[in-house]
Each structure stands twice: as C-alpha cells, then as structure tokens.
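Colleague: model.cif is reproduced in full below (mmCIF, C-alpha atoms and all ligand atoms).
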```cif
data_run
#
loop_
_atom_site.label_atom_id
_atom_site.label_comp_id
_atom_site.auth_asym_id
_atom_site.auth_seq_id
_atom_site.Cartn_x
_atom_site.Cartn_y
_atom_site.Cartn_z
CA MET A 1 153.71 157.24 27.62
CA VAL A 2 152.85 160.34 25.62
CA ASN A 3 153.62 162.79 28.38
CA LYS A 4 153.82 162.89 32.13
CA LYS A 5 151.25 165.55 32.90
CA VAL A 6 149.03 164.96 35.90
CA ILE A 7 146.14 166.80 37.49
CA VAL A 8 145.64 166.24 41.22
CA THR A 9 142.52 167.69 42.83
CA GLY A 10 142.87 168.68 46.47
CA GLY A 11 146.65 168.72 46.20
CA ASN A 12 147.50 171.22 48.91
CA ARG A 13 147.25 169.03 51.99
CA GLY A 14 146.72 165.52 53.26
CA ILE A 15 146.82 162.60 50.85
CA GLY A 16 146.69 164.93 47.85
CA LYS A 17 149.84 166.73 48.96
CA GLY A 18 151.59 163.40 49.46
CA ILE A 19 150.57 162.39 45.94
CA VAL A 20 151.76 165.66 44.41
CA LEU A 21 155.16 165.50 46.12
CA SER A 22 155.68 161.90 45.11
CA LEU A 23 154.73 162.53 41.47
CA LEU A 24 157.05 165.55 41.32
CA GLU A 25 159.84 163.42 42.69
CA HIS A 26 159.23 160.93 39.89
CA GLY A 27 159.51 163.54 37.16
CA TYR A 28 155.87 164.29 36.48
CA GLU A 29 154.57 167.73 35.61
CA VAL A 30 151.73 168.43 38.03
CA LEU A 31 148.75 170.79 37.99
CA ALA A 32 147.35 170.70 41.51
CA THR A 33 144.20 172.34 42.78
CA CYS A 34 142.40 173.34 45.92
CA ARG A 35 139.69 175.82 46.75
CA ASN A 36 142.16 178.60 47.40
CA ALA A 37 145.44 178.12 45.55
CA SER A 38 147.25 180.51 47.88
CA ASN A 39 146.99 177.73 50.48
CA PHE A 40 149.80 175.77 48.82
CA ASP A 41 152.69 175.92 51.25
CA PHE A 42 155.17 174.30 48.84
CA SER A 43 156.39 174.89 45.30
CA HIS A 44 158.41 173.18 42.60
CA GLU A 45 159.51 174.03 39.07
CA ASN A 46 157.20 171.35 37.66
CA LEU A 47 154.22 172.29 39.81
CA SER A 48 151.49 174.70 38.83
CA VAL A 49 148.48 175.38 41.02
CA ALA A 50 144.91 176.42 40.27
CA ASN A 51 141.74 177.32 42.13
CA LEU A 52 139.03 174.73 41.88
CA ASP A 53 135.94 174.00 43.91
CA ILE A 54 134.70 170.68 42.56
CA SER A 55 131.25 171.29 44.07
CA ASP A 56 130.77 174.51 42.12
CA ASP A 57 129.90 174.54 38.41
CA ALA A 58 131.23 178.04 37.76
CA SER A 59 134.56 177.14 39.31
CA ILE A 60 134.76 173.97 37.20
CA GLU A 61 133.95 175.95 34.07
CA ALA A 62 136.79 178.39 34.83
CA PHE A 63 139.17 175.52 35.56
CA SER A 64 138.36 173.82 32.24
CA VAL A 65 140.43 176.47 30.44
CA SER A 66 143.53 175.51 32.43
CA VAL A 67 142.86 171.84 31.69
CA GLU A 68 142.75 172.42 27.95
CA GLU A 69 146.03 174.29 28.01
CA PHE A 70 147.70 171.73 30.24
CA GLU A 71 146.69 168.63 28.21
CA PRO A 72 146.83 166.12 31.06
CA ASN A 73 147.07 162.39 30.42
CA ILE A 74 146.64 161.44 34.05
CA LEU A 75 143.93 162.56 36.46
CA ILE A 76 143.94 161.92 40.19
CA ASN A 77 140.48 162.62 41.65
CA ASN A 78 141.53 163.08 45.24
CA ALA A 79 139.51 166.00 46.66
CA GLY A 80 136.81 164.86 49.03
CA ILE A 81 135.02 165.67 52.27
CA THR A 82 133.24 164.03 55.17
CA LYS A 83 130.15 165.31 56.99
CA ASP A 84 129.64 162.49 59.47
CA ASN A 85 126.55 162.01 61.55
CA LEU A 86 124.29 159.20 62.61
CA PHE A 87 121.74 158.56 59.92
CA LEU A 88 118.82 159.70 62.07
CA ARG A 89 120.58 162.99 62.70
CA MET A 90 121.96 163.48 59.21
CA SER A 91 120.49 166.48 57.45
CA GLU A 92 119.66 166.42 53.79
CA ASP A 93 122.18 169.22 53.30
CA ASP A 94 124.98 167.08 54.71
CA TRP A 95 123.91 164.20 52.50
CA ASN A 96 123.79 166.37 49.39
CA GLU A 97 127.02 168.18 50.05
CA VAL A 98 129.01 164.97 50.37
CA ILE A 99 127.43 163.33 47.32
CA ASN A 100 127.84 166.51 45.31
CA THR A 101 131.52 166.87 46.19
CA ASN A 102 132.74 163.28 46.31
CA LEU A 103 130.65 161.72 43.54
CA ASN A 104 129.30 164.45 41.26
CA GLY A 105 132.66 166.22 41.47
CA VAL A 106 134.44 163.14 40.16
CA PHE A 107 131.99 162.95 37.26
CA LYS A 108 132.47 166.59 36.33
CA ILE A 109 136.25 166.74 36.60
CA THR A 110 136.69 163.47 34.71
CA LYS A 111 134.58 164.94 31.90
CA LEU A 112 137.19 167.64 31.43
CA VAL A 113 140.05 165.25 30.68
CA VAL A 114 138.69 162.25 28.77
CA LYS A 115 138.44 163.83 25.31
CA GLY A 116 142.12 164.71 25.34
CA MET A 117 143.06 161.23 26.52
CA LEU A 118 140.97 159.69 23.73
CA LYS A 119 142.78 161.78 21.13
CA ARG A 120 146.17 160.82 22.48
CA ARG A 121 145.16 157.18 22.96
CA TRP A 122 146.64 157.00 26.42
CA GLY A 123 145.28 157.87 29.82
CA ARG A 124 145.13 157.12 33.50
CA ILE A 125 142.25 158.02 35.77
CA ILE A 126 142.79 157.29 39.45
CA ASN A 127 139.99 157.97 41.90
CA ILE A 128 140.59 158.09 45.63
CA SER A 129 137.61 156.33 47.21
CA SER A 130 137.63 154.73 50.67
CA ILE A 131 137.19 151.36 52.35
CA SER A 132 134.12 152.98 53.89
CA GLY A 133 132.53 152.52 50.46
CA SER A 134 132.77 148.74 50.64
CA MET A 135 132.78 147.91 54.35
CA GLY A 136 130.42 150.59 55.64
CA ASN A 137 130.99 152.77 58.65
CA PRO A 138 128.50 154.07 61.20
CA GLY A 139 128.01 157.81 60.84
CA GLN A 140 129.04 157.76 57.20
CA THR A 141 125.95 156.80 55.20
CA ASN A 142 126.54 159.81 52.95
CA TYR A 143 130.27 159.29 52.62
CA SER A 144 130.07 155.50 52.09
CA ALA A 145 127.43 155.94 49.43
CA SER A 146 129.56 158.53 47.64
CA LYS A 147 132.68 156.35 47.71
CA ALA A 148 130.84 153.18 46.64
CA GLY A 149 129.52 155.30 43.80
CA VAL A 150 133.06 156.27 42.85
CA ASP A 151 134.12 152.60 42.78
CA ALA A 152 131.17 151.69 40.56
CA PHE A 153 131.82 154.68 38.30
CA THR A 154 135.41 153.44 38.02
CA ARG A 155 134.35 150.01 36.78
CA SER A 156 131.89 151.25 34.16
CA LEU A 157 134.22 153.92 32.83
CA ALA A 158 137.07 151.39 32.67
CA LYS A 159 134.91 149.23 30.41
CA GLU A 160 134.02 152.19 28.20
CA LEU A 161 137.56 153.43 27.73
CA GLY A 162 139.63 150.25 27.82
CA SER A 163 139.81 149.89 24.04
CA ARG A 164 141.52 153.29 23.87
CA ASN A 165 144.32 152.45 26.24
CA ILE A 166 142.87 154.48 29.07
CA THR A 167 142.81 152.75 32.44
CA VAL A 168 140.52 153.73 35.29
CA ASN A 169 141.13 152.53 38.83
CA SER A 170 140.29 153.58 42.33
CA ILE A 171 142.30 153.45 45.51
CA ALA A 172 140.47 152.78 48.76
CA PRO A 173 142.52 153.96 51.74
CA GLY A 174 141.76 152.89 55.28
CA PHE A 175 142.76 155.22 58.11
CA ILE A 176 145.42 157.64 56.89
CA GLU A 177 146.88 160.37 59.12
CA THR A 178 145.51 163.64 57.71
CA ASP A 179 143.26 166.53 58.78
CA MET A 180 140.30 164.34 57.85
CA THR A 181 141.10 161.73 60.47
CA GLN A 182 142.49 164.06 63.11
CA GLY A 183 141.06 163.21 66.51
CA ILE A 184 139.42 159.96 65.45
CA LEU A 185 142.45 157.65 65.32
CA ALA A 186 141.77 156.10 68.72
CA GLN A 187 143.76 153.14 69.99
CA GLU A 188 140.77 150.83 69.60
CA ILE A 189 140.76 151.54 65.87
CA LEU A 190 144.51 150.99 65.54
CA ASP A 191 144.18 147.69 67.41
CA LYS A 192 141.89 146.37 64.69
CA ILE A 193 144.45 147.06 61.96
CA PRO A 194 146.66 144.01 61.35
CA LEU A 195 149.66 146.25 60.67
CA LYS A 196 148.96 148.05 63.98
CA ARG A 197 149.30 151.60 62.74
CA ALA A 198 147.48 154.26 60.78
CA GLY A 199 148.59 154.79 57.21
CA LYS A 200 150.80 157.63 56.03
CA VAL A 201 150.05 159.69 52.96
CA GLU A 202 153.15 158.15 51.37
CA ASP A 203 151.52 154.71 51.65
CA VAL A 204 148.80 155.91 49.29
CA ALA A 205 151.08 158.04 47.12
CA SER A 206 153.33 155.13 46.21
CA LEU A 207 150.36 153.25 44.77
CA VAL A 208 149.25 156.33 42.83
CA ASN A 209 152.75 156.46 41.41
CA PHE A 210 152.59 152.85 40.31
CA LEU A 211 149.12 153.23 38.77
CA SER A 212 150.25 156.36 36.90
CA SER A 213 153.16 154.57 35.31
CA GLU A 214 153.54 152.12 32.43
CA GLU A 215 154.17 149.44 35.06
CA SER A 216 150.42 149.19 35.65
CA ASN A 217 149.43 148.87 31.97
CA TYR A 218 147.27 145.77 32.46
CA ILE A 219 145.29 146.88 35.51
CA THR A 220 141.93 148.56 35.02
CA GLY A 221 138.52 148.79 36.67
CA GLN A 222 139.92 147.83 40.07
CA THR A 223 139.59 149.19 43.56
CA LEU A 224 142.93 148.72 45.28
CA VAL A 225 142.85 148.81 49.06
CA VAL A 226 145.56 150.52 51.14
CA ASP A 227 144.51 150.01 54.73
CA GLY A 228 147.05 147.95 56.64
CA GLY A 229 144.75 144.95 56.33
CA LEU A 230 141.78 146.47 58.17
CA PHE A 231 139.23 145.41 55.56
CA MET A 232 139.72 142.01 54.00
CA LYS A 233 137.13 140.60 51.64
CA MET B 1 129.53 170.36 -1.13
CA SER B 2 132.12 167.91 -2.38
CA GLU B 3 134.82 169.52 -0.25
CA VAL B 4 132.93 168.81 2.98
CA LEU B 5 132.06 165.34 1.74
CA ASP B 6 135.68 164.60 0.89
CA LYS B 7 136.89 165.69 4.30
CA VAL B 8 134.19 163.74 6.11
CA VAL B 9 135.02 160.61 4.14
CA GLU B 10 138.71 161.09 4.86
CA ILE B 11 138.10 161.46 8.60
CA VAL B 12 135.83 158.42 8.67
CA CYS B 13 138.31 156.29 6.73
CA ASN B 14 141.10 157.30 9.10
CA GLN B 15 139.15 156.77 12.26
CA LEU B 16 137.58 153.46 11.29
CA SER B 17 140.46 152.15 9.19
CA VAL B 18 138.21 151.52 6.20
CA ASN B 19 138.88 151.89 2.50
CA LYS B 20 137.56 154.92 0.64
CA ASP B 21 136.01 152.66 -2.00
CA ASP B 22 133.82 151.00 0.61
CA VAL B 23 132.25 154.28 1.69
CA THR B 24 129.16 155.82 0.11
CA SER B 25 127.12 158.78 1.22
CA ASP B 26 124.54 156.44 2.74
CA SER B 27 127.09 154.40 4.68
CA SER B 28 126.16 154.06 8.33
CA PHE B 29 129.15 154.30 10.68
CA VAL B 30 127.98 151.47 12.89
CA GLU B 31 126.07 149.18 10.53
CA ASP B 32 128.20 149.46 7.39
CA LEU B 33 131.60 150.59 8.56
CA GLY B 34 132.01 148.65 11.80
CA ALA B 35 132.18 151.56 14.24
CA ASP B 36 131.60 150.91 17.93
CA SER B 37 129.76 153.44 20.06
CA LEU B 38 132.94 155.14 21.19
CA ASP B 39 134.06 155.46 17.57
CA THR B 40 130.94 157.47 16.82
CA VAL B 41 131.76 159.85 19.67
CA GLU B 42 135.31 160.18 18.41
CA LEU B 43 134.10 160.83 14.86
CA VAL B 44 132.01 163.74 16.09
CA MET B 45 135.04 165.06 17.99
CA ALA B 46 137.10 164.85 14.79
CA PHE B 47 134.41 166.66 12.77
CA GLU B 48 134.27 169.39 15.39
CA GLU B 49 137.99 169.85 15.22
CA GLU B 50 138.28 169.78 11.42
CA PHE B 51 135.40 172.17 10.78
CA GLY B 52 135.78 174.34 13.89
CA LEU B 53 132.24 173.58 15.05
CA GLU B 54 130.62 172.55 18.27
CA ILE B 55 128.06 169.80 17.78
CA PRO B 56 125.63 169.58 20.73
CA ASP B 57 125.33 166.09 22.24
CA ASP B 58 121.65 165.66 21.39
CA GLU B 59 122.31 166.48 17.75
CA ALA B 60 125.50 164.44 17.61
CA GLU B 61 123.41 161.36 18.37
CA ASN B 62 121.68 161.78 15.01
CA ILE B 63 124.91 161.91 13.04
CA THR B 64 125.10 158.26 12.14
CA THR B 65 125.88 158.26 8.41
CA ILE B 66 128.21 160.09 6.04
CA LYS B 67 125.24 161.99 4.65
CA SER B 68 123.91 163.10 8.04
CA ALA B 69 127.38 164.35 8.98
CA VAL B 70 127.79 166.32 5.75
CA ASP B 71 124.29 167.79 6.05
CA TRP B 72 124.81 168.89 9.65
CA ILE B 73 128.14 170.48 8.88
CA GLN B 74 126.77 172.33 5.85
CA ASN B 75 123.71 173.58 7.68
CA ASN B 76 125.76 174.86 10.58
CA SER B 77 128.85 176.45 9.06
N1 LIG A 301 142.41 160.38 55.51
C1 LIG A 301 141.85 159.19 55.41
O1 LIG A 301 141.96 158.37 56.32
C2 LIG A 301 141.09 158.80 54.18
C3 LIG A 301 140.59 157.51 54.13
C4 LIG A 301 139.90 157.10 53.01
C5 LIG A 301 139.72 157.96 51.95
N2 LIG A 301 140.21 159.24 52.01
C6 LIG A 301 139.98 160.10 50.86
O2 LIG A 301 141.19 160.66 50.42
C7 LIG A 301 140.97 161.93 49.85
C8 LIG A 301 141.86 162.95 50.52
O3 LIG A 301 141.58 162.96 51.90
P1 LIG A 301 142.50 163.66 53.00
O4 LIG A 301 142.49 162.79 54.18
O5 LIG A 301 143.78 164.09 52.40
O6 LIG A 301 141.56 164.92 53.33
P2 LIG A 301 141.95 166.38 53.80
O7 LIG A 301 143.25 166.39 54.51
O8 LIG A 301 140.73 166.85 54.52
O9 LIG A 301 142.11 167.15 52.41
C9 LIG A 301 141.03 167.25 51.55
C10 LIG A 301 141.49 167.86 50.26
O10 LIG A 301 140.37 167.94 49.38
C11 LIG A 301 140.18 169.27 49.00
N3 LIG A 301 138.75 169.58 48.83
C12 LIG A 301 137.74 169.33 49.70
N4 LIG A 301 136.58 169.77 49.19
C13 LIG A 301 136.87 170.31 47.99
C14 LIG A 301 136.10 170.94 46.99
N5 LIG A 301 134.78 171.13 47.11
N6 LIG A 301 136.71 171.39 45.88
C15 LIG A 301 138.02 171.21 45.74
N7 LIG A 301 138.83 170.64 46.63
C16 LIG A 301 138.25 170.20 47.76
C17 LIG A 301 140.77 170.09 50.10
O11 LIG A 301 141.08 171.37 49.62
P3 LIG A 301 140.91 172.69 50.56
O12 LIG A 301 142.22 172.90 51.22
O13 LIG A 301 140.53 173.72 49.59
O14 LIG A 301 139.84 172.37 51.56
C18 LIG A 301 142.00 169.28 50.45
O15 LIG A 301 143.03 169.50 49.53
C19 LIG A 301 139.48 162.22 50.03
O16 LIG A 301 138.78 161.90 48.84
C20 LIG A 301 139.10 161.27 51.15
O17 LIG A 301 137.72 160.94 51.08
C21 LIG A 301 140.89 159.66 53.12
#
```
Hey, can you dump this file as structure tokens for me?

Modeller:
Amino acid sequence: MVNKKVIVTGGNRGIGKGIVLSLLEHGYEVLATCRNASNFDFSHENLSVANLDISDDASIEAFSVSVEEFEPNILINNAGITKDNLFLRMSEDDWNEVINTNLNGVFKITKLVVKGMLKRRWGRIINISSISGSMGNPGQTNYSASKAGVDAFTRSLAKELGSRNITVNSIAPGFIETDMTQGILAQEILDKIPLKRAGKVEDVASLVNFLSSEESNYITGQTLVVDGGLFMK
Amino acid sequence: MSEVLDKVVEIVCNQLSVNKDDVTSDSSFVEDLGADSLDTVELVMAFEEEFGLEIPDDEAENITTIKSAVDWIQNNS
C-alpha cells in the first residue's frame, strides 16, 4: 500500500463517524467532511476535517484543493440523505435532492480522487449504498433509485479501473442505528431480521476497514450486504 | 520542436512500455502502440504534468498520435 490516507464524506456522525473512528484506530490518516466542520465532536492527531456539501458544486470546487494536497488513496463515499414519501406524494424537489446528493455527489467526489490513484497505481473506492437499492422499500423510490445507481456505478467503474490496481466496491447496510433510522426501528422490522437486532455503525465500519486494506486485494465491483440477514438474494 | 517531440516520445515509451525505435511521429497510441482507452487518458495526464498545461477533455480526445500531441502542446504553450 502506497499510503494510508482516506477521505470519508459525512464523517461527523452516524455510520461515517463509526468508519472514521475505526480507520483512525487502524492507523489511517483521515480527512473527514461534513457540511459544517465545526460539528465534529471528536478529534485525533491523524484526523483533519473539512467543509463539504456534496450537493453543491461551489463547495466541491473548494474542497478539491484540500483533496489535491491530501493525496488520498482511499475514498469512502458515505454522505447521503433520505427524503421519504409515498410515490404519489413525492415532490420532484425531494426526488431531485436525493438523486443529486446520493448519486451525483458520488460521481463528483469520486472524480476528485481517481487521477491521483491512477498515478500511484493503487486505490480503493468504497461507496455506502443500501439494501433499499436492491430490495426496494415503500416510500423510498428516490432513495432506492439513487442507491441502485451507486451499485451500478460501482460495477462499471470497477471494470474501468481494475487494470490499474484500483478496486471499487459498495457496501449495502440494512437497518443501522443512526439519526437516519431514528424512530423507524419498530419491533416488526427487527422481527424480520434473522439476527434479531438493528446493526451498529461498527458492523459497517469493520467491513470498510477490511475493504480498505490489502486483505481485500482480489475483491472488486461487488456490493457487500451488512444487514443481519434481512435481505437474502 | 524536437525538444517537445523528444519528451512526448519519452512519455509515450514509458507509459506504454514500447521501444523508442518503434515510435514515429505518425504512430497512433491505440492502433500502433497498443494503448487501451485508459492509457490514452493517462498519457494526456502525463503531458499535462510535464508541460504544465491543462488539456480540455474535448480536445484531449483528438490527441491520438505522437504528432497530434506535439502539435497541441506547441500551439498551446
Ligand atoms: N442508517 C441506516 O440504517 C442506513 C442504511 C443503509 C444505508 N445507509 C447509508 O449510510 C450512509 C450514512 O448514513 P447514516 O445513517 O450515518 O446517516 P446520518 O446519521 O443521517 O448521517 C449522514 C451523514 O451524511 C452527511 N451528509 C448528508 N448530506 C450531505 C451533503 N449534501 N453534503 C455532505 N455531507 C452530507 C451528514 O453530514 P451533516 O452533519 O453535515 O448533515 C452526515 O455526516 C448514507 O449514505 C446512508 O444512505 C444508512
């Protein structure tokens, strides 16, 4: 591995925070982002933080300077949102906002890192999608479409970059205890999960750790599911 | 002229692992020198770095031979 420098988008809370803490523990140097970097309630000698709104071109442009200086070889596209509503009630704004953040954002942030990875002939791109992208979920037509898009993006990019030793994978979590799922983790949902509990951010972070490392050298273009067995193909 | 040409040939030989003797000014990266599509993108990146230029994507697509690379670089530096 050339270096252990990782960018994590949406690293201040939820799954992103779990990922950042786990990577720091494993000796990585981390550049983590959120929309307002003063919202980071933790710090570490190997952690730097930056402002980034992945739905805003000007913000991405400003962030690109930090990316060039940092020279990351690993990118974790974690930032994402939901705007749930039944299809018939879903506004075009809610559709666009979710696609623009979850799918277009992944495209734009990935653009910032691939050139450097090509030059260094080593890279890892890990996208956090969702089982909603492959199993569907009522109220989430926008979100499912965005996450299925991320999985498909993952496969095509993996084919493009494989010859340069850059792997691209996505992780599809099920129900993980974060702000995003607060108030929706009802018993009837938990009952459908073979492991009978919601996931913890650490359950996702440990897989990110594995995919970031040399241990996962021969895995690319995959969507790996972390959901306690809720969705089985 | 020859200085740009020499550098371009050197970059191409490095990137595509080909021999200098097999390269002429008309050599096409893909057809004659065995480049894949990603190689051509990387070549443009290497030219940009060596000559301190920024080659717009739509123009980069037309840089397919040694000669077209040398011409673009000379016309834009
Ligand atoms: N929780 C689950 O059960 C679950 C399941 C499947 C997939 N996921 C996916 O996992 C990822 C993380 O989810 P989470 O549960 O940790 O969500 P969360 O607790 O709501 O956190 C979302 C994170 O994304 C950031 N973010 C949102 N919009 C952004 C934007 N426009 N620009 C930059 N950053 C933005 C947030 O930053 P701010 O603090 O600035 O808002 C925050 O750090 C998401 O992609 C989500 O779709 C989650």

Colleague: Mind listing as a PDB file with C-alpha atoms, in the coordinates of the input which residues of chain B are within 9 Å of chain A, counting only C-alpha atoms?

Modeller:
```pdb
ATOM      1  CA  LEU B  38     132.940 155.140  21.190  1.00  0.00           C
ATOM      2  CA  GLU B  42     135.310 160.180  18.410  1.00  0.00           C
ATOM      3  CA  MET B  45     135.040 165.060  17.990  1.00  0.00           C
TER       4      MET B  45
END
```

Colleague: To one decimal place in Å, what is the distance between CA of Asp94 (chain A) and CA of Asn142 (chain A)?

Modeller: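 We find that CA of Asp94 (chain A) and CA of Asn142 (chain A) lie 7.6 Å from each other.
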
Colleague: Around ligand LIG 301 (chain A), out to 6 Å and counting all atoms listed in the file, which residues are there? I want them as a ChimeraX atom specification.

Modeller: /A:10-16,34-36,52-55,78-81,101,128-130,173-181

Colleague: Only C-alpha atoms, please: the residues just picked out, written as a PDB file, keeping the file's coordinate frame.

Modeller:
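Output contents, as saved in again.pdb:
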```
ATOM      1  CA  GLY A  10     142.870 168.680  46.470  1.00  0.00           C
ATOM      2  CA  GLY A  11     146.650 168.720  46.200  1.00  0.00           C
ATOM      3  CA  ASN A  12     147.500 171.220  48.910  1.00  0.00           C
ATOM      4  CA  ARG A  13     147.250 169.030  51.990  1.00  0.00           C
ATOM      5  CA  GLY A  14     146.720 165.520  53.260  1.00  0.00           C
ATOM      6  CA  ILE A  15     146.820 162.600  50.850  1.00  0.00           C
ATOM      7  CA  GLY A  16     146.690 164.930  47.850  1.00  0.00           C
ATOM      8  CA  CYS A  34     142.400 173.340  45.920  1.00  0.00           C
ATOM      9  CA  ARG A  35     139.690 175.820  46.750  1.00  0.00           C
ATOM     10  CA  ASN A  36     142.160 178.600  47.400  1.00  0.00           C
ATOM     11  CA  LEU A  52     139.030 174.730  41.880  1.00  0.00           C
ATOM     12  CA  ASP A  53     135.940 174.000  43.910  1.00  0.00           C
ATOM     13  CA  ILE A  54     134.700 170.680  42.560  1.00  0.00           C
ATOM     14  CA  SER A  55     131.250 171.290  44.070  1.00  0.00           C
ATOM     15  CA  ASN A  78     141.530 163.080  45.240  1.00  0.00           C
ATOM     16  CA  ALA A  79     139.510 166.000  46.660  1.00  0.00           C
ATOM     17  CA  GLY A  80     136.810 164.860  49.030  1.00  0.00           C
ATOM     18  CA  ILE A  81     135.020 165.670  52.270  1.00  0.00           C
ATOM     19  CA  THR A 101     131.520 166.870  46.190  1.00  0.00           C
ATOM     20  CA  ILE A 128     140.590 158.090  45.630  1.00  0.00           C
ATOM     21  CA  SER A 129     137.610 156.330  47.210  1.00  0.00           C
ATOM     22  CA  SER A 130     137.630 154.730  50.670  1.00  0.00           C
ATOM     23  CA  PRO A 173     142.520 153.960  51.740  1.00  0.00           C
ATOM     24  CA  GLY A 174     141.760 152.890  55.280  1.00  0.00           C
ATOM     25  CA  PHE A 175     142.760 155.220  58.110  1.00  0.00           C
ATOM     26  CA  ILE A 176     145.420 157.640  56.890  1.00  0.00           C
ATOM     27  CA  GLU A 177     146.880 160.370  59.120  1.00  0.00           C
ATOM     28  CA  THR A 178     145.510 163.640  57.710  1.00  0.00           C
ATOM     29  CA  ASP A 179     143.260 166.530  58.780  1.00  0.00           C
ATOM     30  CA  MET A 180     140.300 164.340  57.850  1.00  0.00           C
ATOM     31  CA  THR A 181     141.100 161.730  60.470  1.00  0.00           C
TER      32      THR A 181
END
```

Colleague: Nearest to Lys111 (chain A): which of A:Gly229, A:Val98, A:Leu157, A:Asn169 is it, counting only C-alpha atoms?

Modeller: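 Nearest to Lys111 (chain A): A:Leu157.
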
Colleague: Grab the CA of Ala158 (chain A) to CA of Thr220 (chain A) distance for me, in Å with one decimal place.

Modeller: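 According to the coordinates, CA of Ala158 (chain A) and CA of Thr220 (chain A) are separated by 6.1 Å.
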
Colleague: Taking into account all atoms listed in the file, which residue in the set A:Pro72, A:Gly183, A:Gly221, A:Gly139 is nearest to Phe87 (chain A)?

Modeller: A:Gly139

Colleague: Considering all atoms listed in the file, can you say which of B:Glu49, B:Asp39, B:Glu10, B:Glu54 comes closest to Asp22 (chain B)?

Modeller: B:Glu10

Colleague: Just the residues within 12 Å of Glu45 (chain A), please, counting only C-alpha atoms, with nothing from its chain fewer than 3 positions along; format it as a list in words.

Modeller: Leu21, Leu24, Glu25, Gly27, Tyr28, Glu29, Val30, Leu31, Phe42, Ser48 and Val49 of chain A

Colleague: If I take CA of Lys200 (chain A) and CA of Val6 (chain A), how far is one from the other in Å, to one decimal?

Modeller: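 Spanning CA of Lys200 (chain A) to CA of Val6 (chain A) is a straight-line distance of 21.5 Å.
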
Colleague: Please provide as a PyMOL selection string all residues within 10 Å of Asp32 (chain B), with the sequence filter that same-chain residues fewer than 5 positions apart are discarded (counting all atoms listed in the file).

Modeller: chain B and resi 22-24+26-27+65

Colleague: Could you check which of A:Asn165, A:Thr110, A:Asn39, A:Thr82 is closest to Ser146 (chain A), using only C-alpha atoms?

Modeller: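 For Ser146 (chain A), the nearest of the given residues is A:Thr82.
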